[in-house]
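Right, one structure below, let's go through it.
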Amino acid sequence: MSFDVASPGILFPGQGAQVPGMGTWLCENYPAANDLFERAGEVLGYDLKQLCADGPAEKLNETVHCQPALFVTGVAAAEVYTQLHEDVASKIRAAAGLSLGEYTAVCFAGGLSFEDGVRLVQKRGEAMQACADVIPSGMSSVLGLDLEKLDEVCAECRQDDEILKPANLLCPGNIAVSGHQTALDRLEPVATAAGAMKVVPLSVAGAFHTPLMQDAVATLSEALETVEIKTTRIPVYSNVDALPHTEPGEIRDLLSRQVVNPVLWEASIRRMLEDGVEGFLEAGTGRVLRGTIKRIARKTPTDGFGDQP
């Protein structure tokens, strides 16, 4: 590892990063990671480690399974990284996570116990899946359009009372939209005509980060009230407002609102940089978040840990 900056931030991926084999290298090589997967399996009531290792992909991609899988893999990666590179880990001054990854960030920052985090993301996945089952909906990434133009595209695709709106503001030229499937079915030709380079349907169950997830808010709020949230030792930058938070009441409120609000990822990264973060470690599976950093602040150092080197 050559990653060594004075004030690093740590990032955790969200739904869509899951892949069969995730976490396997960590469990096979580091007892601490294996222990976390075993503890998570006891909470969840099924063998998460086996599901992550062998799939099948269809089952791992289900919202109720991939959210705990990503949470545990992210926590395990951060734990092992801290053991191996305590000199770097001790300097981490801020955390953020993409959607589901924000729960991982709060856990890493000391706001949630591991077991409570597992229970919460299981509940979150169930609540979001229940909303998605009510009406056909989904998400797609649109590459090559700015937010203003994409708002116009969404308006053109919507009919009657349909919802279609920007939901994940990832980085310049990469914004995910979310809404009714009928509106998404009209998206590609309209976006292409407006100058989009590509439209990519995402492997998610429904229209996350829109009002179509409203019924999940009550379930999630109730679940959040049952767990202890502590003041975090480092600030966690919220998807909802792109601002740093450490106070339990604020974190609890923002986590419950997150599922119906757009993910302000680019704004969060820019605010972290303004606040003194000089580089980013992506902990967990994949490298999607490092890709967004290169589009937001190209010269910012990045590294990752969690997948086999």
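To be explicit about the labels: the chains of the structure tokens are called A, B, and onward in the order shown, and within each one the residues are counted from 1, while ligands get numbers from 1 in the order they are shown.
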Within 8 Å of range 26-30 of chain A using only C-alpha atoms, minus same-chain residues under 4 positions, as a list of chain:residue names: A:Asn34, A:Phe37, A:Ala76, A:Ala77, A:Val80, A:Gly306, A:Asp307, A:Gln308
Saved selection, atoms kept: N, CA and C atoms, as a compact mmCIF listing (two decimals), in the first residue's frame:
```
# COMPACT_ATOMS: atom_id res chain seq x y z
N ASN A 34 -13.57 -12.85 9.02
CA ASN A 34 -14.37 -14.07 9.11
C ASN A 34 -15.31 -14.00 10.32
N PHE A 37 -18.37 -11.83 9.61
CA PHE A 37 -19.35 -12.52 8.77
C PHE A 37 -20.11 -13.57 9.57
N ALA A 76 -15.90 -5.15 7.45
CA ALA A 76 -14.78 -6.09 7.53
C ALA A 76 -13.54 -5.52 6.85
N ALA A 77 -13.71 -4.91 5.69
CA ALA A 77 -12.58 -4.33 4.98
C ALA A 77 -11.93 -3.23 5.80
N VAL A 80 -9.99 -4.79 8.83
CA VAL A 80 -8.71 -5.39 8.45
C VAL A 80 -7.71 -4.32 8.03
N GLY A 306 -10.36 -4.32 0.11
CA GLY A 306 -11.50 -5.20 0.32
C GLY A 306 -11.56 -6.33 -0.67
N ASP A 307 -11.17 -6.04 -1.91
CA ASP A 307 -11.07 -7.08 -2.94
C ASP A 307 -9.65 -7.62 -2.96
N GLN A 308 -9.51 -8.82 -3.48
CA GLN A 308 -8.18 -9.44 -3.54
C GLN A 308 -7.23 -8.58 -4.39
```
For Met197 in chain A: contacts at 7 Å, only C-alpha atoms, fewer than 2 positions along chain excluded, given as a ChimeraX atom specification: /A:143-144,192,195
Resulting file, chosen residues, C-alpha atoms, as a compact mmCIF listing (two decimals), in the first residue's frame:
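Contents of the output file out.txt:
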```txt
# COMPACT_ATOMS: atom_id res chain seq x y z
CA LEU A 143 -24.04 9.32 -18.72
CA GLY A 144 -23.12 12.60 -20.36
CA THR A 192 -30.01 10.07 -26.26
CA GLY A 195 -27.07 14.28 -25.92
```
I'd like to know which of A:Lys165, A:Lys149, A:His65, A:Lys59 is closest to Asn261 in chain A, using only C-alpha atoms. A:Lys165
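Among the candidates A:Ser203, A:Ser256, A:Thr300, A:Ser178, the one nearest to Val217 in chain A when counting only C-alpha atoms is A:Ser256.
Excluding Val259 in chain A itself and any same-chain residue fewer than 5 positions from it, the protein and nucleic acid residues within 7 Å of it, counting only C-alpha atoms, are Phe208, His209 and Met213 of chain A.
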Let's have the selection written as a JSON list (two decimals), in the first residue's frame, with C-alpha atoms.
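This went into result.json:
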```
[["chain", "number", "residue", "atom", "x", "y", "z"],
["A", 208, "PHE", "CA", -34.87, 4.31, -4.47],
["A", 209, "HIS", "CA", -34.43, 7.90, -3.23],
["A", 213, "MET", "CA", -40.09, 4.80, -0.99]]
```
Determine which residues of range 7-245 of chain A receive a DSSP assignment of strand (DSSP E or B), computed from the backbone, and state them as a PyMOL selection string. chain A and resi 8-12+94-97+137-143+164-171+174-180+198-201+236-237+244-245
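By chain and then residue number, the residues within 6 Å of range 281-286 of chain A are Ile10, Leu11, Phe12, Ala17, Thr73, Gly74, Ala77, Ala78, Thr302, Asp303, Gly304, Phe305, Gly306 and Asp307 of chain A, counting only C-alpha atoms and disregarding those fewer than 4 positions away in sequence.
Relative to CA of Cys131 in chain A, CA of Gly206 in chain A is found at 7.7 Å.
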Need the shell around Gly249 in chain A: protein/DNA/RNA residues with any atom at most 10 Å away, counting only C-alpha atoms. Skip same-chain ones fewer than 3 positions apart. Format as an NGL selection string? :A and (229-231 or 245-246 or 252-254)
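Among A:Pro68, A:Pro189, A:Pro136, A:Gly55, the residue with the shortest atom-to-atom distance to Phe114 in chain A, counting only C-alpha atoms, is A:Pro68.
Considering only C-alpha atoms, the residue among A:Ala167, A:Leu145, A:Leu100, A:Ala57 positioned nearest to Gly117 in chain A is A:Leu100.
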List every residue of range 67-186 of chain A that DSSP, applied to the backbone of this structure, places in alpha helix (DSSP H), and write the result as a PyMOL selection string. chain A and resi 67-84+86-89+101-108+114-134+147-157+181-184
Got a sec: who's within 8 Å of Leu187 in chain A, counting only C-alpha atoms, leaving out chain neighbours fewer than 5 positions off, as JSON, numbers by chain? {"A": [153, 154, 157, 199]}
Dump of N, CA and C atoms for the selected residues, as a tab-separated table (two decimals), in the first residue's frame:
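This is the output file result02.tsv:
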```tsv
chain	number	residue	atom	x	y	z
A	153	VAL	N	-35.14	16.13	-19.38
A	153	VAL	CA	-35.39	14.80	-19.93
A	153	VAL	C	-36.42	14.06	-19.09
A	154	CYS	N	-36.25	14.10	-17.78
A	154	CYS	CA	-37.19	13.43	-16.89
A	154	CYS	C	-38.61	13.98	-17.06
A	157	CYS	N	-40.20	12.58	-20.08
A	157	CYS	CA	-40.54	11.15	-19.99
A	157	CYS	C	-41.74	10.88	-19.11
A	199	VAL	N	-27.36	5.16	-21.48
A	199	VAL	CA	-28.33	4.95	-20.41
A	199	VAL	C	-28.19	3.51	-19.94
```
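Note that the spacing between CA of Glu102 in chain A and CA of Pro13 in chain A amounts to 8.4 Å.
For Ala183 in chain A, the residues within 8 Å (counting only C-alpha atoms, excluding itself and residues fewer than 5 positions away along the chain) are A:Cys157, A:Arg158, A:Gln159, A:Glu162, A:Ile163, A:Leu164.
Distances from A:Pro20, A:Val5, A:Ala194, A:Ser90 to Glu152 in chain A were compared using only C-alpha atoms, and the smallest one belongs to A:Ala194.
Distance check against Thr63 in chain A using only C-alpha atoms: of A:Gln18, A:Asn174, A:Ser141, A:Gln214, the minimum falls on A:Gln18.
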Could you tell me how far CA of Gly16 in chain A lies from CA of Ala130 in chain A, in Å and to one decimal? 18.4 Å
